[in-house]
$ cat my_file_16.cif   # mmCIF, C-alpha atoms
data_data
loop_
_atom_site.label_atom_id
_atom_site.label_comp_id
_atom_site.auth_asym_id
_atom_site.auth_seq_id
_atom_site.Cartn_x
_atom_site.Cartn_y
_atom_site.Cartn_z
CA MET A 163 7.61 -7.87 -53.96
CA ASN A 164 6.07 -11.33 -53.91
CA LEU A 165 3.46 -12.52 -51.44
CA PHE A 166 5.91 -14.63 -49.45
CA THR A 167 8.28 -11.69 -48.89
CA ARG A 168 5.39 -9.41 -47.98
CA CYS A 169 4.19 -11.93 -45.37
CA LEU A 170 7.67 -12.11 -43.89
CA LEU A 171 7.85 -8.33 -43.56
CA VAL A 172 4.40 -8.14 -41.99
CA ALA A 173 5.33 -10.85 -39.49
CA ALA A 174 8.62 -9.12 -38.68
CA ALA A 175 6.82 -5.82 -38.15
CA ALA A 176 4.29 -7.50 -35.87
CA LEU A 177 7.03 -9.13 -33.81
CA ALA A 178 8.90 -5.84 -33.55
CA GLY A 179 5.72 -4.12 -32.41
CA ASN A 180 5.05 -6.78 -29.78
CA ALA A 181 8.62 -6.52 -28.50
CA ALA A 182 8.30 -2.76 -28.15
CA VAL A 183 5.08 -3.07 -26.13
CA SER A 184 6.20 -5.82 -23.75
CA ALA A 185 9.77 -4.68 -23.17
CA PRO A 186 10.10 -3.59 -19.50
CA GLY A 187 11.22 -0.01 -19.99
CA LYS A 188 12.13 2.29 -17.10
CA ALA A 189 8.59 3.62 -16.77
CA ASP A 190 7.28 0.06 -16.34
CA GLU A 191 9.91 -0.72 -13.70
CA ASP A 192 8.89 2.35 -11.70
CA ARG A 193 5.14 1.67 -11.79
CA LEU A 194 3.76 -0.51 -9.02
CA ARG A 195 0.55 -0.96 -7.04
CA PHE A 196 0.58 -2.92 -3.80
CA ALA A 197 -1.85 -3.45 -0.92
CA VAL A 198 -1.23 -3.69 2.83
CA MET A 199 -3.44 -5.56 5.31
CA GLY A 200 -3.03 -6.30 9.02
CA HIS A 201 -4.62 -8.38 11.77
CA LEU A 202 -6.69 -10.63 9.55
CA ARG A 203 -6.82 -13.56 12.00
CA GLY A 204 -9.94 -15.51 12.85
CA ASN A 205 -10.66 -17.05 16.24
CA GLU A 206 -9.28 -19.80 18.48
CA ASN A 207 -11.69 -22.35 16.98
CA GLY A 208 -9.85 -22.18 13.68
CA GLU A 209 -12.51 -20.12 11.89
CA LEU A 210 -11.41 -17.49 9.40
CA ASN A 211 -12.23 -13.83 9.76
CA PRO A 212 -16.05 -13.70 9.47
CA TRP A 213 -15.88 -11.12 6.66
CA MET A 214 -13.07 -12.77 4.71
CA ASP A 215 -15.02 -13.03 1.45
CA GLU A 216 -15.94 -9.35 1.42
CA ILE A 217 -12.40 -8.34 2.34
CA VAL A 218 -10.81 -10.46 -0.37
CA GLU A 219 -13.26 -9.14 -2.94
CA SER A 220 -12.42 -5.54 -2.01
CA VAL A 221 -8.66 -6.10 -2.19
CA ALA A 222 -8.88 -8.06 -5.44
CA ALA A 223 -10.82 -5.20 -7.04
CA GLU A 224 -7.76 -2.99 -6.53
CA GLU A 225 -5.66 -5.36 -8.67
CA PRO A 226 -2.48 -5.12 -6.58
CA GLN A 227 0.76 -6.55 -7.93
CA ALA A 228 1.89 -7.50 -4.41
CA LEU A 229 0.17 -7.99 -1.06
CA PHE A 230 1.92 -7.22 2.23
CA LEU A 231 0.45 -8.71 5.41
CA THR A 232 1.47 -7.03 8.65
CA GLY A 233 1.00 -9.77 11.22
CA ASP A 234 -1.59 -11.60 13.32
CA MET A 235 -2.81 -13.38 10.25
CA ILE A 236 -3.90 -16.56 12.09
CA TRP A 237 -4.78 -17.53 15.67
CA ALA A 238 -1.92 -20.07 15.88
CA GLU A 239 -3.01 -21.93 19.02
CA TYR A 240 -2.30 -18.79 21.04
CA HIS A 241 -4.10 -19.93 24.20
CA ALA A 242 -3.35 -23.63 23.95
CA GLU A 243 -1.19 -25.24 26.64
CA ARG A 244 0.67 -27.18 23.98
CA VAL A 245 0.81 -25.95 20.39
CA ASP A 246 -0.52 -28.38 17.80
CA ARG A 247 1.85 -27.91 14.87
CA LYS A 248 -0.54 -29.58 12.45
CA ALA A 249 -3.40 -27.29 13.47
CA VAL A 250 -1.25 -24.19 12.98
CA ALA A 251 -0.17 -25.43 9.54
CA GLN A 252 -3.85 -25.89 8.65
CA ASP A 253 -4.53 -22.31 9.76
CA TRP A 254 -1.90 -21.10 7.30
CA ASP A 255 -3.29 -23.35 4.55
CA MET A 256 -6.78 -21.93 5.04
CA LEU A 257 -5.55 -18.34 5.04
CA GLU A 258 -3.49 -18.72 1.87
CA ALA A 259 -6.36 -20.47 0.11
CA ALA A 260 -8.74 -17.64 1.12
CA LEU A 261 -6.35 -14.96 -0.19
CA ARG A 262 -5.56 -16.75 -3.46
CA PRO A 263 -8.33 -15.00 -5.47
CA ILE A 264 -6.47 -11.71 -4.98
CA GLY A 265 -3.88 -13.11 -7.37
CA ALA A 266 -0.87 -11.30 -5.92
CA PRO A 267 2.31 -12.65 -4.26
CA LEU A 268 2.16 -12.60 -0.46
CA HIS A 269 4.85 -11.01 1.70
CA ILE A 270 4.26 -11.54 5.43
CA VAL A 271 5.73 -10.20 8.66
CA PRO A 272 4.81 -12.06 11.87
CA GLY A 273 2.55 -10.87 14.66
CA ASN A 274 2.47 -12.13 18.23
CA HIS A 275 -0.15 -14.73 17.25
CA ASP A 276 1.75 -15.97 14.20
CA ILE A 277 4.91 -16.44 16.28
CA ASN A 278 4.32 -17.04 19.98
CA ASP A 279 6.62 -19.97 20.88
CA PRO A 280 9.38 -22.10 19.30
CA VAL A 281 6.90 -24.29 17.41
CA THR A 282 5.04 -21.44 15.73
CA ALA A 283 8.33 -19.64 15.04
CA ALA A 284 9.85 -22.67 13.32
CA LEU A 285 6.72 -23.21 11.24
CA PHE A 286 6.58 -19.56 10.16
CA HIS A 287 10.23 -19.48 9.10
CA GLU A 288 9.96 -22.80 7.24
CA ARG A 289 6.95 -21.50 5.36
CA PHE A 290 7.86 -17.89 4.65
CA GLY A 291 11.60 -17.65 5.28
CA PRO A 292 13.60 -15.80 7.93
CA ARG A 293 12.76 -12.33 9.17
CA PRO A 294 13.98 -9.67 8.77
CA ALA A 295 14.09 -9.95 5.00
CA ALA A 296 14.35 -7.60 2.02
CA VAL A 297 12.23 -7.75 -1.13
CA ARG A 298 13.10 -5.77 -4.23
CA ILE A 299 10.40 -5.00 -6.81
CA GLY A 300 11.67 -2.78 -9.60
CA SER A 301 13.11 0.38 -8.09
CA SER A 302 11.30 -0.12 -4.74
CA LEU A 303 12.75 -1.85 -1.70
CA PHE A 304 10.58 -3.51 0.95
CA LEU A 305 11.90 -4.31 4.43
CA LEU A 306 10.05 -7.08 6.31
CA LEU A 307 10.83 -6.80 10.04
CA ASP A 308 10.07 -8.99 13.05
CA SER A 309 8.71 -7.21 16.15
CA THR A 310 7.60 -10.39 17.95
CA LEU A 311 9.12 -11.59 21.20
CA TYR A 312 9.04 -15.01 22.82
CA ASP A 313 11.30 -16.95 25.15
CA ASP A 314 12.90 -19.74 23.11
CA THR A 315 14.60 -21.15 26.22
CA VAL A 316 11.30 -22.21 27.80
CA PRO A 317 10.16 -25.64 26.57
CA THR A 318 6.60 -26.21 25.50
CA PRO A 319 4.08 -26.64 26.93
CA SER A 320 4.47 -23.31 28.70
CA PRO A 321 2.17 -20.40 29.48
CA ARG A 322 2.37 -17.62 26.89
CA THR A 323 1.44 -14.06 27.64
CA TYR A 324 1.06 -11.18 25.21
CA THR A 325 4.58 -9.93 24.65
CA ARG A 326 6.23 -7.68 22.15
CA THR A 327 9.43 -5.80 21.77
CA ASP A 328 9.49 -2.20 22.93
CA LEU A 329 12.21 -1.69 20.36
CA LEU A 330 13.69 -3.82 17.63
CA PRO A 331 16.78 -5.75 18.78
CA ALA A 332 20.13 -4.09 18.10
CA GLU A 333 21.05 -6.70 15.49
CA GLN A 334 17.85 -5.94 13.56
CA ALA A 335 18.61 -2.23 13.64
CA GLU A 336 22.05 -3.00 12.25
CA TRP A 337 20.47 -5.18 9.56
CA ILE A 338 18.28 -2.23 8.52
CA ARG A 339 21.32 0.01 8.30
CA GLN A 340 23.30 -2.45 6.20
CA THR A 341 20.41 -3.36 3.89
CA LEU A 342 19.64 0.27 3.13
CA ALA A 343 23.32 0.85 2.37
CA GLU A 344 23.34 -2.13 -0.02
CA HIS A 345 20.33 -0.72 -1.90
CA GLU A 346 21.40 2.88 -2.33
CA ASP A 347 19.94 2.78 -5.83
CA ALA A 348 16.41 2.13 -4.54
CA ARG A 349 14.12 5.03 -5.39
CA HIS A 350 11.53 4.18 -2.73
CA VAL A 351 11.70 2.19 0.51
CA PHE A 352 8.75 0.78 2.48
CA VAL A 353 9.00 -0.85 5.92
CA PHE A 354 6.60 -3.42 7.41
CA MET A 355 6.18 -4.72 10.97
CA HIS A 356 3.38 -5.80 13.28
CA HIS A 357 3.58 -3.68 16.42
CA VAL A 358 3.14 0.09 16.58
CA LEU A 359 6.48 0.82 18.24
CA TRP A 360 6.30 4.55 17.52
CA TRP A 361 3.03 5.37 19.31
CA GLU A 362 4.48 7.39 22.21
CA ASP A 363 6.42 10.60 21.62
CA ASP A 364 9.22 9.33 23.85
CA ALA A 365 9.34 5.86 22.26
CA ALA A 366 12.86 4.58 21.66
CA TRP A 367 11.92 4.15 18.00
CA TRP A 368 12.28 7.88 17.40
CA THR A 369 15.87 7.96 18.63
CA ASP A 370 17.15 4.54 17.58
CA ILE A 371 15.39 3.52 14.35
CA HIS A 372 13.77 6.57 12.77
CA PRO A 373 17.07 8.45 12.24
CA ILE A 374 18.38 5.49 10.21
CA LEU A 375 15.28 5.53 8.00
CA ALA A 376 15.29 9.30 7.63
CA ARG A 377 18.67 9.20 5.87
CA HIS A 378 17.20 7.13 3.04
CA PRO A 379 14.21 7.43 0.68
CA VAL A 380 11.86 5.68 3.11
CA ARG A 381 8.32 6.63 2.14
CA ALA A 382 6.28 4.76 4.76
CA VAL A 383 6.37 2.44 7.75
CA PHE A 384 3.36 0.14 8.16
CA ALA A 385 2.12 -1.71 11.25
CA GLY A 386 -0.90 -4.00 11.61
CA ASP A 387 -1.57 -4.37 15.33
CA PHE A 388 -4.57 -3.17 17.33
CA GLY A 389 -4.55 -0.54 19.98
CA PRO A 390 -5.70 1.87 20.79
CA LEU A 391 -7.01 2.26 17.23
CA LYS A 392 -7.48 0.19 14.09
CA PHE A 393 -6.20 2.99 11.89
CA SER A 394 -3.80 5.78 12.75
CA HIS A 395 -1.40 7.99 10.86
CA THR A 396 1.42 10.38 11.63
CA GLU A 397 4.24 11.84 9.57
CA ARG A 398 7.79 12.71 10.48
CA ASP A 399 10.63 13.82 8.23
CA GLY A 400 8.59 12.93 5.17
CA ILE A 401 7.99 9.35 6.34
CA GLN A 402 4.35 8.27 6.64
CA TYR A 403 3.68 6.09 9.69
CA ILE A 404 0.50 4.11 9.04
CA GLN A 405 -1.27 1.64 11.33
CA SER A 406 -3.93 -0.33 9.46
CA ALA A 407 -5.81 -3.32 10.83
CA ILE A 408 -8.87 -5.45 10.25
CA GLU A 409 -10.83 -6.64 13.27
CA GLY A 410 -12.46 -10.04 13.27
CA PHE A 411 -14.72 -11.37 15.98
CA SER A 412 -15.70 -8.76 18.57
CA HIS A 413 -18.03 -8.80 21.56
CA VAL A 414 -20.52 -6.26 22.83
CA GLN A 415 -19.62 -6.88 26.47
CA THR A 416 -15.95 -6.14 25.78
CA ALA A 417 -16.95 -2.88 24.12
CA ARG A 418 -19.05 -2.03 27.18
CA ASN A 419 -16.15 -2.67 29.53
CA PHE A 420 -13.30 -0.99 27.66
CA GLU A 421 -13.31 2.46 26.13
CA SER A 422 -10.51 1.57 23.69
CA THR A 423 -12.64 -1.29 22.33
CA ARG A 424 -15.57 1.06 21.85
CA VAL A 425 -13.35 3.46 19.89
CA MET A 426 -12.14 0.66 17.62
CA ASN A 427 -15.73 -0.52 17.16
CA TYR A 428 -16.54 2.74 15.39
CA GLN A 429 -13.58 2.56 13.02
CA PHE A 430 -14.07 0.72 9.75
CA GLU A 431 -12.10 -2.37 8.85
CA ASN A 432 -9.44 -1.00 6.54
CA PHE A 433 -6.50 -1.72 4.29
CA VAL A 434 -4.13 0.52 2.33
CA VAL A 435 -3.38 0.66 -1.38
CA VAL A 436 -0.13 2.29 -2.51
CA ASP A 437 0.55 3.51 -6.05
CA VAL A 438 4.16 4.07 -7.09
CA GLU A 439 4.92 5.75 -10.39
CA GLY A 440 8.31 7.32 -11.00
CA ASP A 441 9.01 9.70 -8.12
CA SER A 442 5.35 9.78 -7.08
CA VAL A 443 3.92 7.71 -4.20
CA GLU A 444 0.22 7.88 -3.37
CA PHE A 445 -1.54 6.27 -0.41
CA HIS A 446 -5.21 5.29 -0.49
CA VAL A 447 -7.04 4.05 2.62
CA ARG A 448 -9.86 1.65 1.74
CA THR A 449 -12.69 0.33 3.89
CA ALA A 450 -13.55 -3.37 3.88
CA ALA A 451 -16.82 -5.13 4.70
CA ALA A 452 -18.28 -1.78 5.76
CA LEU A 453 -21.86 -2.95 5.08
CA ALA A 454 -21.35 -6.45 6.48
CA THR A 455 -20.00 -6.09 10.02
CA GLY A 456 -22.95 -4.22 11.55
CA LYS A 457 -20.59 -2.52 14.00
CA GLN A 458 -21.70 0.98 13.05
CA SER A 459 -25.41 0.16 13.22
CA PRO A 460 -27.97 1.71 15.62
CA GLU A 461 -28.68 -1.78 16.96
CA ARG A 462 -25.09 -2.41 18.04
CA HIS A 463 -24.77 1.11 19.44
CA HIS A 464 -27.83 0.53 21.62
CA GLN A 465 -26.43 -2.81 22.75
CA ILE A 466 -23.15 -1.24 23.81
CA PHE A 467 -24.64 1.79 25.52
CA ALA A 468 -27.91 0.24 26.76
CA ARG A 469 -28.91 1.29 30.29
CA GLU A 470 -30.14 -1.56 32.43
CA VAL A 471 -33.58 -1.25 34.05
CA LEU A 472 -33.13 -2.46 37.63
CA THR A 473 -35.77 -3.31 40.21
CA LEU A 474 -35.34 -2.22 43.84
CA SER A 475 -34.17 -5.69 44.84
CA ASP A 476 -31.66 -5.63 41.96
CA LYS A 477 -30.33 -2.28 43.15
CA LEU A 478 -30.01 -3.55 46.74
CA GLU A 479 -28.29 -6.69 45.52
CA ARG A 480 -25.82 -4.66 43.45
CA ALA A 481 -25.21 -2.20 46.31
CA LEU A 482 -24.71 -4.92 48.91
CA GLY A 483 -22.84 -7.26 46.62
CA GLY A 484 -22.54 -11.02 47.06
CA PRO A 485 -22.75 -13.15 50.22
CA THR A 486 -19.18 -12.38 51.27
CA ARG A 487 -19.69 -8.63 51.05
CA ARG A 488 -23.03 -8.85 52.90
CA THR A 489 -21.39 -10.86 55.67
CA LEU A 490 -18.61 -8.29 56.00
CA LEU A 491 -21.11 -5.44 56.07
CA ALA A 492 -23.17 -7.22 58.73
CA GLY A 493 -20.02 -7.87 60.77
CA ALA A 494 -19.00 -4.22 60.49
CA ALA A 495 -22.47 -3.09 61.62
CA LEU A 496 -22.37 -5.46 64.62
CA LEU A 497 -18.90 -4.20 65.54
CA CYS A 498 -20.19 -0.61 65.49
CA VAL A 499 -23.03 -1.59 67.85
CA LEU A 500 -20.61 -3.28 70.25
CA ILE A 501 -18.32 -0.26 70.22
CA GLY A 502 -21.32 1.94 70.95
CA VAL A 503 -22.32 -0.23 73.90
CA VAL A 504 -18.82 -0.16 75.37
CA VAL A 505 -18.53 3.60 74.94
CA GLY A 506 -21.96 4.06 76.51
CA ARG A 507 -21.09 2.00 79.57
CA ILE A 508 -17.85 3.90 80.04
CA SER A 509 -19.66 7.23 79.84
CA GLY A 510 -22.52 6.04 82.09
CA ARG A 511 -25.09 6.07 79.32
CA ARG A 512 -27.16 3.32 77.84
#
$ encode --input "my_file_16.cif" --output "structure tokens"
Amino acid sequence: MNLFTRCLLVAAAALAGNAAVSAPGKADEDRLRFAVMGHLRGNENGELNPWMDEIVESVAAEEPQALFLTGDMIWAEYHAERVDRKAVAQDWDMLEAALRPIGAPLHIVPGNHDINDPVTAALFHERFGPRPAAVRIGSSLFLLLDSTLYDDTVPTPSPRTYTRTDLLPAEQAEWIRQTLAEHEDARHVFVFMHHVLWWEDDAAWWTDIHPILARHPVRAVFAGDFGPLKFSHTERDGIQYIQSAIEGFSHVQTARNFESTRVMNYQFENFVVVDVEGDSVEFHVRTAAALATGKQSPERHHQIFAREVLTLSDKLERALGGPTRRTLLAGAALLCVLIGVVVGRISGRR
């Protein structure tokens, strides 16, 4: 065998070896790692989540092959009288640029901030496509739902209040049914939405949507909204229901005023990593920016639960209230005196 022939054989063997390694066999098709994050929005001034860098670093370290975002990703002019389309587009640009180091394709479902009027809805759909939508990765099927609600008959500018569906519209339920039927070969199914529509035991979800999912290999349903927790979990018929959210800007006074806010304050910012391999599905809950937020610190605890030291005049002022209340109290006292005088005269007493 001459040198030229030997080189050809070596090259052929090398190519064959490379083909064997890179060929997407069944095991490769059934192996997947993806991450799920919710409620990543910043504030109304257009600032990103204050711990974005730490969050992105934590997610990137997991090396997910896909990233699913479960709504309220940007502020989207939520409290503006008239939505500035350009400003909302810039919000999306900033978010996508911040998440780029993770290096995974983004799949997004809208929250009530992301879609809150016709302008934000049109921009979302132009950018990310219609919802609901189905994504197929290997043998896994991902359903991207839309639990937002807004009145598209009211022209902008118009006041917008926090609204959401109590149950997915009938046409979306039918879409779920048809899509699952079209993907009977899917080994695993995962569902994503923003609002936690299953929170109450008597929620319509359990009678109208869950039975559809339970007839198929649905492994988990994810939501990314707040309230009353940042993370919650329940299981029914083998389906994991997981609420996972990341809180951005928060205020001590709000935590003082609302018990639900105090509860969320003591939960870590979190996201979920899911490993799929063959028939196995594993869920891992990860904390994010745990050492950066300061929410679980003694200092913040003392701020939230601090008892005010009041002087006597402060106590009287708080007890008597403002000028209007003092005037009413004085008027009530005078009325009592007058009634006493009248009763006394009638009874012959002073």
$ residues_around --input "my_file_16.cif" --residues "range 408-419 of chain A" --least-positions-apart "4" --cutoff "8 Å" --atoms "all atoms listed in the file" --output "list in words"
Met199, Gly200, His201, Leu202, Arg203, Gly204, Asn205, Asn211, Pro212, Trp213, Lys392, Thr423, Arg424, Asn427, Glu431, Asn432, Phe433, Arg462, Gln465, Ile466 and Phe467 of chain A
$ closest_residue --input "my_file_16.cif" --among "A:Val438, A:Val503, A:Val447, A:Ala332" --to "Leu194 in chain A" --atoms "only C-alpha atoms"
A:Val438
$ atom_distance --input "my_file_16.cif" --atom1 "CA of Met235 in chain A" --atom2 "CA of Leu285 in chain A"
13.7 Å
$ resolve_selection --input "my_file_16.cif" --expression "the PyMOL selection byres ((chain A and resi 274) around 9)" --output "MDAnalysis selection string"
chainID A and resid 233:234 240 272:273 275:278 309:312 324:326 356:357
$ write_last_selection --input "my_file_16.cif" --atoms "C-alpha atoms" --output "compact mmCIF listing (two decimals), in the coordinates of the input"
# COMPACT_ATOMS: atom_id res chain seq x y z
CA GLY A 233 1.00 -9.77 11.22
CA ASP A 234 -1.59 -11.60 13.32
CA TYR A 240 -2.30 -18.79 21.04
CA PRO A 272 4.81 -12.06 11.87
CA GLY A 273 2.55 -10.87 14.66
CA HIS A 275 -0.15 -14.73 17.25
CA ASP A 276 1.75 -15.97 14.20
CA ILE A 277 4.91 -16.44 16.28
CA ASN A 278 4.32 -17.04 19.98
CA SER A 309 8.71 -7.21 16.15
CA THR A 310 7.60 -10.39 17.95
CA LEU A 311 9.12 -11.59 21.20
CA TYR A 312 9.04 -15.01 22.82
CA TYR A 324 1.06 -11.18 25.21
CA THR A 325 4.58 -9.93 24.65
CA ARG A 326 6.23 -7.68 22.15
CA HIS A 356 3.38 -5.80 13.28
CA HIS A 357 3.58 -3.68 16.42
$ atom_distance --input "my_file_16.cif" --atom1 "CA of Asp308 in chain A" --atom2 "CA of Arg262 in chain A"
24.0 Å
$ closest_residue --input "my_file_16.cif" --among "A:Tyr403, A:Gly265, A:Glu461, A:Pro379" --to "Leu359 in chain A" --atoms "all atoms listed in the file"
A:Tyr403
$ resolve_selection --input "my_file_16.cif" --expression "the PyMOL selection byres ((chain A and resi 385) around 8)" --output "ChimeraX atom specification"
/A:200,232,354-358,383-384,386-387,404-406
